[in-house]
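File shown: run-v3.pdb. Contents: PDB, C-alpha atoms and all ligand atoms.
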ATOM      1  CA  MET B  19    -100.594-131.374  31.164
ATOM      2  CA  ALA B  20     -98.622-133.394  28.618
ATOM      3  CA  GLN B  21    -100.750-134.103  25.582
ATOM      4  CA  ALA B  22    -101.622-137.723  24.850
ATOM      5  CA  VAL B  23    -103.449-138.917  21.760
ATOM      6  CA  PHE B  24    -106.021-141.711  21.798
ATOM      7  CA  SER B  25    -107.872-143.555  19.022
ATOM      8  CA  PHE B  26    -111.258-145.094  19.839
ATOM      9  CA  VAL B  27    -112.018-147.827  17.324
ATOM     10  CA  GLY B  28    -115.547-149.206  16.977
ATOM     11  CA  GLY B  29    -115.765-152.650  15.421
ATOM     12  CA  THR B  30    -115.570-156.312  16.384
ATOM     13  CA  THR B  31    -112.366-156.365  18.455
ATOM     14  CA  GLY B  32    -111.088-154.686  21.606
ATOM     15  CA  ARG B  33    -111.174-154.928  25.358
ATOM     16  CA  TRP B  34    -114.549-153.245  25.788
ATOM     17  CA  GLN B  35    -117.879-154.829  24.878
ATOM     18  CA  ILE B  36    -120.599-152.380  23.880
ATOM     19  CA  THR B  37    -123.824-152.931  25.791
ATOM     20  CA  HIS B  38    -125.809-149.935  24.582
ATOM     21  CA  MET B  39    -125.466-147.215  21.936
ATOM     22  CA  ALA B  40    -127.896-144.350  21.429
ATOM     23  CA  ALA B  41    -127.881-140.950  19.776
ATOM     24  CA  VAL B  42    -129.001-138.493  22.457
ATOM     25  CA  ILE B  43    -128.887-135.541  20.045
ATOM     26  CA  GLY B  44    -128.211-135.603  16.298
ATOM     27  CA  ALA B  45    -127.116-138.380  13.965
ATOM     28  CA  PRO B  46    -126.192-141.813  15.404
ATOM     29  CA  LEU B  47    -122.901-143.657  14.944
ATOM     30  CA  GLU B  48    -123.013-147.080  13.318
ATOM     31  CA  ALA B  49    -123.786-149.775  15.892
ATOM     32  CA  VAL B  50    -120.807-152.023  16.735
ATOM     33  CA  SER B  51    -120.131-154.758  19.283
ATOM     34  CA  ARG B  52    -116.657-153.864  20.580
ATOM     35  CA  LEU B  53    -114.422-150.875  21.257
ATOM     36  CA  ASP B  54    -110.644-150.754  21.203
ATOM     37  CA  ILE B  55    -108.744-147.816  22.718
ATOM     38  CA  LEU B  56    -105.235-147.202  21.469
ATOM     39  CA  ASN B  57    -102.790-144.665  22.867
ATOM     40  CA  VAL B  58    -101.715-143.591  19.373
ATOM     41  CA  ALA B  59    -103.089-141.463  16.549
ATOM     42  CA  LEU B  60    -104.182-144.044  13.992
ATOM     43  CA  ALA B  61    -103.921-142.615  10.512
ATOM     44  CA  SER B  62    -106.608-144.777   8.974
ATOM     45  CA  LEU B  63    -109.482-147.044   9.888
ATOM     46  CA  PRO B  64    -108.213-150.522  10.848
ATOM     47  CA  ASN B  65    -109.447-153.463   8.765
ATOM     48  CA  GLY B  66    -112.921-154.556   9.768
ATOM     49  CA  ALA B  67    -113.642-151.480  11.933
ATOM     50  CA  ALA B  68    -116.780-149.380  11.386
ATOM     51  CA  TRP B  69    -115.501-146.092  12.782
ATOM     52  CA  MET B  70    -112.550-144.455  14.499
ATOM     53  CA  LEU B  71    -112.569-141.330  16.664
ATOM     54  CA  ARG B  72    -109.385-139.563  17.731
ATOM     55  CA  GLY B  73    -108.888-137.117  20.561
ATOM     56  CA  GLU B  74    -106.109-135.689  22.677
ATOM     57  CA  THR B  75    -105.820-134.693  26.295
ATOM     58  CA  ASP B  76    -104.971-131.055  26.931
ATOM     59  CA  ASP B  77    -105.004-128.338  29.546
ATOM     60  CA  ALA B  78    -108.436-127.570  30.969
ATOM     61  CA  GLN B  79    -109.876-124.286  29.727
ATOM     62  CA  TYR B  80    -112.309-123.192  32.397
ATOM     63  CA  MET B  81    -110.967-124.417  35.724
ATOM     64  CA  HIS B  82    -109.734-121.979  38.331
ATOM     65  CA  PRO B  83    -106.681-123.077  40.390
ATOM     66  CA  VAL B  84    -108.804-123.898  43.457
ATOM     67  CA  GLU B  85    -111.113-126.080  41.348
ATOM     68  CA  ARG B  86    -108.131-127.772  39.709
ATOM     69  CA  ALA B  87    -106.698-128.659  43.121
ATOM     70  CA  ALA B  88    -110.067-129.913  44.411
ATOM     71  CA  LEU B  89    -110.494-132.126  41.360
ATOM     72  CA  ALA B  90    -106.932-133.454  41.554
ATOM     73  CA  ALA B  91    -107.468-134.392  45.209
ATOM     74  CA  LEU B  92    -110.629-136.370  44.493
ATOM     75  CA  GLN B  93    -110.357-137.902  41.038
ATOM     76  CA  PRO B  94    -109.400-141.582  40.839
ATOM     77  CA  PRO B  95    -107.184-143.107  38.130
ATOM     78  CA  LEU B  96    -108.556-144.980  35.139
ATOM     79  CA  ASP B  97    -108.195-148.753  34.874
ATOM     80  CA  ARG B  98    -109.200-149.685  38.416
ATOM     81  CA  ALA B  99    -109.886-153.420  38.726
ATOM     82  CA  GLU B 100    -113.438-152.862  40.025
ATOM     83  CA  ALA B 101    -114.393-150.277  37.376
ATOM     84  CA  THR B 102    -115.695-152.718  34.783
ATOM     85  CA  CYS B 103    -118.351-150.340  33.387
ATOM     86  CA  ALA B 104    -117.574-147.432  31.079
ATOM     87  CA  ALA B 105    -119.198-144.731  29.000
ATOM     88  CA  LEU B 106    -117.843-143.112  25.846
ATOM     89  CA  ILE B 107    -119.842-139.974  25.104
ATOM     90  CA  PRO B 108    -118.692-138.094  21.982
ATOM     91  CA  ILE B 109    -120.043-134.542  21.895
ATOM     92  CA  LYS B 110    -120.235-131.700  19.379
ATOM     93  CA  LYS B 111    -121.288-128.262  20.561
ATOM     94  CA  ALA B 112    -123.177-125.810  18.341
ATOM     95  CA  THR B 113    -121.558-122.959  16.402
ATOM     96  CA  ARG B 114    -123.274-120.461  18.714
ATOM     97  CA  TRP B 115    -121.339-121.974  21.667
ATOM     98  CA  TRP B 116    -118.021-121.423  19.944
ATOM     99  CA  ALA B 117    -119.100-117.878  18.990
ATOM    100  CA  LEU B 118    -119.222-116.969  22.703
ATOM    101  CA  THR B 119    -116.188-115.558  24.476
ATOM    102  CA  GLN B 120    -114.158-117.770  26.839
ATOM    103  CA  HIS B 121    -115.633-115.836  29.774
ATOM    104  CA  GLU B 122    -119.206-116.354  28.554
ATOM    105  CA  ARG B 123    -118.575-120.074  28.055
ATOM    106  CA  ARG B 124    -117.093-120.441  31.536
ATOM    107  CA  THR B 125    -120.150-118.616  32.989
ATOM    108  CA  ILE B 126    -122.543-121.083  31.332
ATOM    109  CA  PHE B 127    -120.338-124.113  32.089
ATOM    110  CA  GLU B 128    -119.907-123.490  35.809
ATOM    111  CA  GLU B 129    -121.754-120.479  37.211
ATOM    112  CA  GLN B 130    -125.034-121.500  35.470
ATOM    113  CA  ALA B 131    -124.766-125.242  34.736
ATOM    114  CA  HIS B 132    -122.537-126.112  37.730
ATOM    115  CA  HIS B 133    -120.856-128.789  35.612
ATOM    116  CA  MET B 134    -117.852-129.255  37.904
ATOM    117  CA  GLU B 135    -119.859-128.835  41.094
ATOM    118  CA  ILE B 136    -122.288-131.564  39.960
ATOM    119  CA  GLY B 137    -119.551-133.788  38.539
ATOM    120  CA  MET B 138    -117.418-133.641  41.688
ATOM    121  CA  GLN B 139    -120.295-135.149  43.670
ATOM    122  CA  TYR B 140    -119.702-138.387  41.723
ATOM    123  CA  LEU B 141    -116.001-138.657  42.552
ATOM    124  CA  PRO B 142    -114.195-140.840  43.386
ATOM    125  CA  ALA B 143    -116.789-143.361  42.109
ATOM    126  CA  VAL B 144    -116.332-142.219  38.506
ATOM    127  CA  ALA B 145    -112.934-141.901  36.807
ATOM    128  CA  ARG B 146    -112.788-139.709  33.719
ATOM    129  CA  ARG B 147    -110.602-138.538  30.867
ATOM    130  CA  LEU B 148    -111.555-135.700  28.529
ATOM    131  CA  HIS B 149    -110.241-135.757  24.961
ATOM    132  CA  TYR B 150    -110.353-132.725  22.697
ATOM    133  CA  CYS B 151    -110.848-133.205  18.976
ATOM    134  CA  ARG B 152    -112.316-129.996  17.547
ATOM    135  CA  ASP B 153    -109.082-129.371  15.628
ATOM    136  CA  LEU B 154    -108.535-132.974  14.563
ATOM    137  CA  ASN B 155    -110.909-133.140  11.618
ATOM    138  CA  THR B 156    -113.429-135.407  13.341
ATOM    139  CA  PRO B 157    -117.227-134.998  13.604
ATOM    140  CA  PHE B 158    -116.997-134.203  17.366
ATOM    141  CA  ASP B 159    -115.450-131.548  19.621
ATOM    142  CA  PHE B 160    -114.941-133.799  22.677
ATOM    143  CA  LEU B 161    -114.678-137.493  23.446
ATOM    144  CA  THR B 162    -115.607-137.988  27.088
ATOM    145  CA  TRP B 163    -114.636-141.272  28.748
ATOM    146  CA  PHE B 164    -115.795-142.534  32.152
ATOM    147  CA  GLU B 165    -115.128-145.717  34.175
ATOM    148  CA  TYR B 166    -117.063-146.914  37.226
ATOM    149  CA  ALA B 167    -117.956-150.064  39.144
ATOM    150  CA  PRO B 168    -121.347-151.761  38.491
ATOM    151  CA  GLU B 169    -122.605-150.615  41.902
ATOM    152  CA  HIS B 170    -122.265-146.990  40.732
ATOM    153  CA  ALA B 171    -124.099-147.491  37.440
ATOM    154  CA  ASP B 172    -127.334-145.970  38.804
ATOM    155  CA  ALA B 173    -125.468-142.957  40.155
ATOM    156  CA  PHE B 174    -123.864-142.467  36.728
ATOM    157  CA  GLU B 175    -127.362-142.364  35.149
ATOM    158  CA  VAL B 176    -128.381-139.670  37.627
ATOM    159  CA  LEU B 177    -125.210-137.722  36.805
ATOM    160  CA  THR B 178    -125.844-137.743  33.054
ATOM    161  CA  SER B 179    -129.519-136.768  33.551
ATOM    162  CA  ARG B 180    -128.564-133.875  35.795
ATOM    163  CA  LEU B 181    -125.974-132.548  33.337
ATOM    164  CA  ARG B 182    -128.341-132.969  30.376
ATOM    165  CA  ALA B 183    -130.920-130.799  32.152
ATOM    166  CA  THR B 184    -128.480-127.846  32.418
ATOM    167  CA  GLU B 185    -128.101-124.673  30.303
ATOM    168  CA  GLU B 186    -124.836-126.064  28.911
ATOM    169  CA  TRP B 187    -126.686-128.904  27.195
ATOM    170  CA  GLY B 188    -128.789-126.351  25.282
ATOM    171  CA  TYR B 189    -125.640-125.866  23.172
ATOM    172  CA  MET B 190    -125.234-129.507  22.176
ATOM    173  CA  GLU B 191    -125.481-130.269  18.474
ATOM    174  CA  ARG B 192    -124.598-133.946  18.634
ATOM    175  CA  GLU B 193    -124.212-136.383  21.514
ATOM    176  CA  ILE B 194    -123.845-140.158  21.351
ATOM    177  CA  ASP B 195    -124.091-142.260  24.489
ATOM    178  CA  ILE B 196    -122.086-145.503  24.312
ATOM    179  CA  ARG B 197    -122.023-147.820  27.315
ATOM    180  CA  LEU B 198    -119.531-150.634  27.747
ATOM    181  CA  THR B 199    -118.304-153.402  29.989
ATOM    182  CA  ARG B 200    -114.751-154.676  30.175
ATOM    183  CA  LEU B 201    -114.075-158.160  28.879
TER     184      LEU B 201
HETATM  185  C1  LIG B 301    -117.693-137.659  36.567
HETATM  186  C2  LIG B 301    -118.061-136.424  36.847
HETATM  187  C3  LIG B 301    -117.587-135.265  36.013
HETATM  188  C4  LIG B 301    -116.663-134.350  36.348
HETATM  189  C5  LIG B 301    -115.904-134.259  37.677
HETATM  190  C6  LIG B 301    -116.498-133.467  35.222
HETATM  191  C7  LIG B 301    -115.620-132.407  35.189
HETATM  192  C8  LIG B 301    -115.272-131.715  34.059
HETATM  193  C9  LIG B 301    -114.196-130.781  33.959
HETATM  194  C10 LIG B 301    -113.266-130.381  35.106
HETATM  195  C11 LIG B 301    -114.136-130.339  32.701
HETATM  196  C12 LIG B 301    -113.098-129.422  32.060
HETATM  197  C13 LIG B 301    -113.294-128.003  32.414
HETATM  198  C14 LIG B 301    -112.224-127.151  31.801
HETATM  199  O1  LIG B 301    -111.923-127.239  30.603
HETATM  200  O2  LIG B 301    -111.669-126.355  32.563
HETATM  201  C15 LIG B 301    -115.201-130.979  31.992
HETATM  202  C16 LIG B 301    -115.481-130.770  30.673
HETATM  203  C17 LIG B 301    -116.421-131.457  29.972
HETATM  204  N1  LIG B 301    -117.257-132.438  30.448
HETATM  205 FE1  LIG B 301    -117.385-133.074  32.360
HETATM  206  N2  LIG B 301    -117.343-133.838  34.223
HETATM  207  C18 LIG B 301    -118.027-134.947  34.648
HETATM  208  C19 LIG B 301    -118.980-135.636  33.960
HETATM  209  C20 LIG B 301    -119.322-135.397  32.648
HETATM  210  C21 LIG B 301    -120.303-136.167  31.900
HETATM  211  C22 LIG B 301    -121.128-137.337  32.457
HETATM  212  C23 LIG B 301    -120.319-135.652  30.638
HETATM  213  C24 LIG B 301    -121.141-136.079  29.454
HETATM  214  C25 LIG B 301    -122.373-136.542  29.540
HETATM  215  C26 LIG B 301    -119.348-134.583  30.587
HETATM  216  C27 LIG B 301    -119.032-133.834  29.484
HETATM  217  C28 LIG B 301    -118.055-132.868  29.421
HETATM  218  C29 LIG B 301    -117.728-132.111  28.226
HETATM  219  C30 LIG B 301    -118.343-132.256  26.848
HETATM  220  C31 LIG B 301    -116.713-131.231  28.578
HETATM  221  C32 LIG B 301    -116.033-130.196  27.679
HETATM  222  C33 LIG B 301    -116.803-128.899  27.845
HETATM  223  C34 LIG B 301    -116.236-127.732  27.077
HETATM  224  O3  LIG B 301    -115.013-127.510  27.107
HETATM  225  O4  LIG B 301    -117.026-127.045  26.421
HETATM  226  N3  LIG B 301    -118.780-134.443  31.826
HETATM  227  N4  LIG B 301    -115.876-131.820  32.831
END

I need this file expressed as structure tokens, please.
Amino acid sequence: MAQAVFSFVGGTTGRWQITHMAAVIGAPLEAVSRLDILNVALASLPNGAAWMLRGETDDAQYMHPVERAALAALQPPLDRAEATCAALIPIKKATRWWALTQHERRTIFEEQAHHMEIGMQYLPAVARRLHYCRDLNTPFDFLTWFEYAPEHADAFEVLTSRLRATEEWGYMEREIDIRLTRL
């Protein structure tokens, strides 16, 4: 996958209005009213913004070829007209997660937590993009972004509750749940 860099800017401008912000685990982020998403690596915080998080798309680490094909067949694109709801969920995993081998992490991620198996049940209602930022000098390892239509908002709540009840979530050190609607 070609890498693409995105900057998520929390402040008073941008296409997305923030409806809810909560720290699920760990320290909160400063509450803001709007989010702007830019397809560039901003070097510094724009004037008037409270925070900026950067992440880049990259090759998946744990997916087997069959899973990759199944996901590609089902996953919808971002920016669908009807998908006016979104979630930005920045996540940092604990040091003991990163101390595991790739094989051990994959085992927890899929064979125990069934992350992809659960997630795929919510496609094509939910569109997603995963951004990696562990190496970008930010307070998070991942910025997860999801878009869905209002009629799938309840299903999205069920999805997040199911994932948060898994073994994988025992390795979370910080998780912020930010919900948005498109202006
Ligand atoms: C919409 C349904 C979902 C699907 C289909 C899905 C699928 C995936 C896939 C395929 C990966 C990458 C696996 C790899 O690197 O090979 C992934 C990673 C990840 N997902 Fe999901 N996911 C979904 C929902 C969620 C939700 C709701 C959250 C947060 C609450 C989340 C958080 C993450 C995180 C943090 C990672 C990175 C894990 C790591 O590399 O340690 N996902 N997901």

Which polymer residues have any atom within 9 Å of an atom of segment 108-121 of chain B, counting all atoms listed in the file, with same-chain residues fewer than 3 positions away left out, as a PyMOL selection string? chain B and resi 71+79-80+124-126+152+157-163+187-196

Quick one: pull the distance between atom CA of Ile36 of chain B and atom O2 of ligand LIG 301 (chain B), Å, one decimal.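 Interatomic distance here is 28.9 Å.
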
Take atom CA of Arg197 of chain B and atom CA of Glu129 of chain B and report the distance between them in Å, one decimal.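 Answer for the atom CA of Arg197 of chain B to atom CA of Glu129 of chain B separation: 29.1 Å.
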
Find the residues near Ser62 of chain B: any atom within 12 Å, counting all atoms listed in the file, skip ones fewer than 2 places away on the same chain, and give them as a PyMOL selection string. chain B and resi 25-27+58-60+64-72

As AutoDock Vina command-line options, please report the centre and edge lengths, rounded to one decimal in Å, of the axis-aligned box that holds all listed atoms of segment 181-186 of chain B with 3 Å of padding on each of the six sides.
--center_x -127.9 --center_y -128.8 --center_z 31.1 --size_x 12.1 --size_y 14.3 --size_z 10.4

For this file, the PyMOL selection byres (((chain B and resi 104) around 6) and not hetatm) selects which residues, as a list in words?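 Applied to this file, the PyMOL selection byres (((chain B and resi 104) around 6) and not hetatm) selects Cys103, Ala105, Phe164, Glu165, Arg197 and Leu198 of chain B.
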
Taking into account only C-alpha atoms, which residue in the set B:Thr75, B:Thr31, B:Thr184, B:Gln93 is nearest to His132 of chain B? B:Thr184

For this structure, which residues satisfy the selection - the PyMOL selection byres (((chain B and resi 134-139) around 9) and not hetatm) - when it is evaluated on the file as given? I want them as JSON, numbers by chain. {"B": [81, 85, 88, 89, 92, 93, 127, 128, 131, 132, 133, 140, 141, 142, 177, 180, 181]}

Env of Asp76 of chain B: 12 Å cut, atoms = all atoms listed in the file, seq-sep filter 6 positions within chain, self excluded. Answer as a PyMOL selection string. chain B and resi 19-24+147-152+160

Keeping only C-alpha atoms, write those residues as a compact mmCIF listing (two decimals), keeping the file's coordinate frame.
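The result, written out as again-v1.txt:
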# COMPACT_ATOMS: atom_id res chain seq x y z
CA MET B 19 -100.59 -131.37 31.16
CA ALA B 20 -98.62 -133.39 28.62
CA GLN B 21 -100.75 -134.10 25.58
CA ALA B 22 -101.62 -137.72 24.85
CA VAL B 23 -103.45 -138.92 21.76
CA PHE B 24 -106.02 -141.71 21.80
CA ARG B 147 -110.60 -138.54 30.87
CA LEU B 148 -111.56 -135.70 28.53
CA HIS B 149 -110.24 -135.76 24.96
CA TYR B 150 -110.35 -132.72 22.70
CA CYS B 151 -110.85 -133.21 18.98
CA ARG B 152 -112.32 -130.00 17.55
CA PHE B 160 -114.94 -133.80 22.68

Do you have the atom CA of Pro83 of chain B-atom CA of Thr178 of chain B distance handy?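 Taking atom CA of Pro83 of chain B and atom CA of Thr178 of chain B, their separation equals 25.2 Å.
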
Taking all atoms listed in the file into account, name the residue in B:Gln130, B:Gln35, B:Glu74, B:Arg146 that is nearest to Ala183 of chain B.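 Counting all atoms listed in the file, the residue closest to Ala183 of chain B is B:Gln130.
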